[in-house]
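A.B. asks: Have a look at this one.
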Amino acid sequence: MRVVILGAPQAGQQQLYSLLTGASLSDIQQKPLEVHIGVCEVKDPRVTKLKEMYKPKKTTYAKIEFLLLPDFNLQGPAKTAILTQLKNADELCLVARNMGEIDAVVSELVISDLMLVEKRIENIEKEQKRKSSPQMEKEKGLMERCKKHLEDELPIRQLDASDEELKQLRTYQFLSMKPIILVVNVSEEKIKDLSLLEEISQELSLPAVQISVEIEQEISNLDEKDRKEFMKEMGIEESALDKMTTLAFSGLGLISFFTVGEDEVRAWPVRKGSSAPIAGSVIHSDIQKGFVRAEMFKYGELISAGSEGKLKEQGKFHLKGKDYIVEDADILSFRFNV
């Protein structure tokens with residue numbers, strides 16, 4: 001899954017990308033017109049808790065691929081590269097320091113989509129002169145609705161559309177239809193002032209997190225003990241960076257199920273609404289092919305019980321068939337035969 005980080009010049013997106021992926025900030029700054037690609041772990045606190053409980057040889061968190069775009073300018077020299085990456089993105093992460101920066105970027109996305117819609121309407125009208133059809137007329141009607149919506153400066157994701165229409169709209173790769181998370185980058189002095197975050201969240205109805213790249217940089221340079229002490233002094237319960245990756249993960253329509261044991265504790269990402277065999281295929285395709293059943297217990301119930309043994313005594317181990325829809329934080333063990 002690909003999340004593209006973008007923002008206005010000096011919004012802090014380079015620093016954020018560096019913190020997320022471990023990429024050198026100096027290397028990024030030396031290549032300002034390039035697209036940078038890196039991978040980041042989703043620091044799920046539940047995985048950390050399972051690690052403490054099972055003490056495995058290996059712990060594996062879910063991962064997200066992040067792409068850093070050049071400074072956001074659809075009229076500049078990097079326009080083609082920016083548009084290509086935006087269209088192929090599963091989610092957009094917009095970094096901004098104020099409402100004006102957010103409005104500017106969102107407006108660019110809407111304008112880009114409007115140009116695409118106008119071009120499509122023009123092409124449909126040319127085709128209709130040669131040979132029209134009910135399907136063509138239906139598409140034209142949908143495009144005209146999109147045009148009116150975009151002219152009102154509204155993103156396509158807010159368009160009232162049927163499931164069939166949404167399926168068709170996705171084929172156009174509209175930028176304003178993609179999921180967006182907002183990262184509000186503030187100075188160290190304003191990290192506890194949430195007024196801007198609240199204003200943005202209410203006005204745009206988008207998932208958002210407030211972060212100070214200055215503080216997160218300091219946190220990343222400390223060892224675990226010093227990190228906890230520093231965060232306690234700052235009154236920070238959880239790294240905003242960890243909140244942001246969790247927000248990005250859920251925004252992609254993903255949930256995590258876990259596998260546990262002495263060898264490894266691991267988080268596996270899967271689409272929300274996936275059946276047990278499909279979840280198993282994330283581990284290995286043979287599990288889906290030869291699926292027999294899945295042994296399942298709940299993370300929350302495990303933590304409450306304190307151990308697998310006590311959980312079994314409470315009768316909270318369950319066997320699930322191929323129709324079971326996996327839920328977030330399920331702990332699964334698959335039985336299969338190929």
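Residues are referred to by chain and number: the chain letter is A, B, ... according to the order shown in the structure tokens, the number counts from 1 in that chain, and ligands are numbered separately from 1 in the order shown.
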List every residue of segment 247-301 of chain A that has an atom at most 9 Å from any atom of segment 48-55 of chain A, giving for each one its closest atom pair and the distance in Å to one decimal, counting only C-alpha atoms, sorted by chain and then by ascending residue number, as CSV.

C.D. replies:
```
residue,atom,partner,partner_atom,distance
A:Val260,CA,A:Tyr54,CA,7.4
A:Gly261,CA,A:Tyr54,CA,6.3
A:Glu262,CA,A:Tyr54,CA,6.0
A:Asp263,CA,A:Lys55,CA,8.6
A:Glu264,CA,A:Lys51,CA,8.5
A:Val265,CA,A:Lys51,CA,6.3
A:Arg266,CA,A:Lys51,CA,9.0
A:Tyr299,CA,A:Leu50,CA,8.7
```

A.B. asks: Could you please take those selected residues and save all heavy atoms as a JSON list (two decimals), in the first residue's frame?

C.D. replies:
```
[["chain", "number", "residue", "atom", "x", "y", "z"],
["A", 260, "VAL", "N", 1.00, -15.27, 16.91],
["A", 260, "VAL", "CA", 1.85, -15.16, 18.10],
["A", 260, "VAL", "C", 2.54, -16.50, 18.39],
["A", 260, "VAL", "O", 2.10, -17.55, 17.95],
["A", 260, "VAL", "CB", 1.00, -14.75, 19.33],
["A", 260, "VAL", "CG1", 0.41, -13.37, 19.15],
["A", 260, "VAL", "CG2", -0.11, -15.76, 19.60],
["A", 261, "GLY", "N", 3.61, -16.42, 19.15],
["A", 261, "GLY", "CA", 4.35, -17.61, 19.54],
["A", 261, "GLY", "C", 5.75, -17.26, 19.99],
["A", 261, "GLY", "O", 6.15, -16.09, 19.98],
["A", 262, "GLU", "N", 6.51, -18.26, 20.39],
["A", 262, "GLU", "CA", 7.86, -18.03, 20.88],
["A", 262, "GLU", "C", 8.81, -17.59, 19.76],
["A", 262, "GLU", "O", 9.76, -16.87, 20.00],
["A", 262, "GLU", "CB", 8.41, -19.29, 21.55],
["A", 262, "GLU", "CG", 7.67, -19.67, 22.83],
["A", 262, "GLU", "CD", 8.23, -20.92, 23.45],
["A", 262, "GLU", "OE1", 9.14, -21.54, 22.86],
["A", 262, "GLU", "OE2", 7.76, -21.30, 24.54],
["A", 263, "ASP", "N", 8.53, -18.05, 18.54],
["A", 263, "ASP", "CA", 9.40, -17.69, 17.43],
["A", 263, "ASP", "C", 9.15, -16.27, 16.93],
["A", 263, "ASP", "O", 10.10, -15.52, 16.66],
["A", 263, "ASP", "CB", 9.22, -18.67, 16.26],
["A", 263, "ASP", "CG", 9.81, -20.03, 16.56],
["A", 263, "ASP", "OD1", 10.76, -20.10, 17.37],
["A", 263, "ASP", "OD2", 9.31, -21.03, 16.01],
["A", 264, "GLU", "N", 7.88, -15.91, 16.81],
["A", 264, "GLU", "CA", 7.57, -14.59, 16.25],
["A", 264, "GLU", "C", 6.19, -14.11, 16.68],
["A", 264, "GLU", "O", 5.24, -14.88, 16.75],
["A", 264, "GLU", "CB", 7.63, -14.63, 14.72],
["A", 264, "GLU", "CG", 7.41, -13.27, 14.06],
["A", 264, "GLU", "CD", 7.47, -13.33, 12.54],
["A", 264, "GLU", "OE1", 7.15, -14.40, 11.97],
["A", 264, "GLU", "OE2", 7.83, -12.31, 11.91],
["A", 265, "VAL", "N", 6.11, -12.81, 16.95],
["A", 265, "VAL", "CA", 4.84, -12.10, 17.07],
["A", 265, "VAL", "C", 4.77, -11.19, 15.87],
["A", 265, "VAL", "O", 5.71, -10.43, 15.59],
["A", 265, "VAL", "CB", 4.78, -11.28, 18.38],
["A", 265, "VAL", "CG1", 3.65, -10.24, 18.30],
["A", 265, "VAL", "CG2", 4.56, -12.18, 19.58],
["A", 266, "ARG", "N", 3.66, -11.28, 15.12],
["A", 266, "ARG", "CA", 3.60, -10.53, 13.86],
["A", 266, "ARG", "C", 2.22, -9.96, 13.59],
["A", 266, "ARG", "O", 1.21, -10.60, 13.86],
["A", 266, "ARG", "CB", 4.01, -11.44, 12.70],
["A", 266, "ARG", "CG", 4.01, -10.75, 11.35],
["A", 266, "ARG", "CD", 4.80, -11.54, 10.34],
["A", 266, "ARG", "NE", 4.88, -10.85, 9.06],
["A", 266, "ARG", "CZ", 5.76, -11.14, 8.11],
["A", 266, "ARG", "NH1", 6.65, -12.11, 8.31],
["A", 266, "ARG", "NH2", 5.77, -10.48, 6.98],
["A", 299, "TYR", "N", -7.59, -10.31, 20.99],
["A", 299, "TYR", "CA", -6.49, -9.64, 21.68],
["A", 299, "TYR", "C", -6.93, -9.09, 23.04],
["A", 299, "TYR", "O", -6.27, -9.32, 24.06],
["A", 299, "TYR", "CB", -5.95, -8.49, 20.81],
["A", 299, "TYR", "CG", -5.01, -7.54, 21.55],
["A", 299, "TYR", "CD1", -3.68, -7.85, 21.72],
["A", 299, "TYR", "CD2", -5.51, -6.35, 22.09],
["A", 299, "TYR", "CE1", -2.84, -6.98, 22.42],
["A", 299, "TYR", "CE2", -4.69, -5.48, 22.78],
["A", 299, "TYR", "CZ", -3.36, -5.81, 22.94],
["A", 299, "TYR", "OH", -2.52, -4.96, 23.65]]
```

A.B. asks: I need the residues in segment 289-331 of chain A that are alpha helix (DSSP H) according to DSSP; give them as number ranges by chain.

C.D. replies: A: 289, 299-305, 308-313

A.B. asks: Going by DSSP on the backbone, which bits of segment 176-245 of chain A are strand (DSSP E or B)? Write them as number ranges by chain, please.

C.D. replies: A: 180-185, 208-211

A.B. asks: Provide the atom CA of Ala294 of chain A to atom CA of Gly309 of chain A distance in Å, to one decimal place.

C.D. replies: 18.3 Å

A.B. asks: Tell me which of A:Val338, A:Leu311, A:Cys93, A:Leu247 sits closest to Phe291 of chain A, counting only C-alpha atoms.

C.D. replies: A:Val338

A.B. asks: From the options A:Leu92, A:Leu67, A:Leu86, A:Leu175, which residue's atoms come nearest to Ile111 of chain A, counting only C-alpha atoms?

C.D. replies: A:Leu175

A.B. asks: Pick from A:Leu206, A:Ile331, A:Arg170, A:Leu182: nearest to Asn88 of chain A, with only C-alpha atoms counted?

C.D. replies: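 Ranked by minimum distance to Asn88 of chain A, first place goes to A:Arg170.
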
A.B. asks: Between atom CA of His149 of chain A and atom CA of Ile102 of chain A, what is the spacing in Å?

C.D. replies: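 Going from atom CA of Ile102 of chain A over to atom CA of His149 of chain A, I get 19.1 Å.
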
A.B. asks: For segment 119-131 of chain A, work out the shell of residues within 12 Å, counting only C-alpha atoms and skipping chain neighbours fewer than 2 positions away, then give it as a list in words.

C.D. replies: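 Skipping anything fewer than 2 positions along the chain leaves Ser112, Asp113, Leu114, Met115, Leu116, Val117, Ser133, Pro134, Gln135, Met136, Glu137, Lys138, Glu139, Lys140, Gly141, Leu142, Met143, Glu144, Arg145, Cys146, Lys147, Leu169 and Tyr172 of chain A.
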
A.B. asks: Between A:Pro9, A:Pro32, A:Pro45, A:Pro56, which has the minimum distance to Val95 of chain A (counting only C-alpha atoms)?

C.D. replies: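 Ranking A:Pro9, A:Pro32, A:Pro45, A:Pro56 by distance to Val95 of chain A, first place goes to A:Pro9.
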
A.B. asks: Go through A:Glu34, A:Glu216, A:Asp323, A:Glu108 and flag the residue nearest Phe230 of chain A, using only C-alpha atoms for the distances.

C.D. replies: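 The closest residue to Phe230 of chain A is A:Glu216.
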
A.B. asks: Using only C-alpha atoms, which residue out of A:Lys243, A:Lys289, A:Lys322, A:Arg97 lies closest to Phe336 of chain A?

C.D. replies: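 Counting only C-alpha atoms, the residue closest to Phe336 of chain A is A:Lys289.
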
A.B. asks: Between atom CA of Leu197 of chain A and atom CA of Gly235 of chain A, measure the distance and give it in Å to one decimal.

C.D. replies: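 Separation of atom CA of Leu197 of chain A and atom CA of Gly235 of chain A: 17.9 Å.
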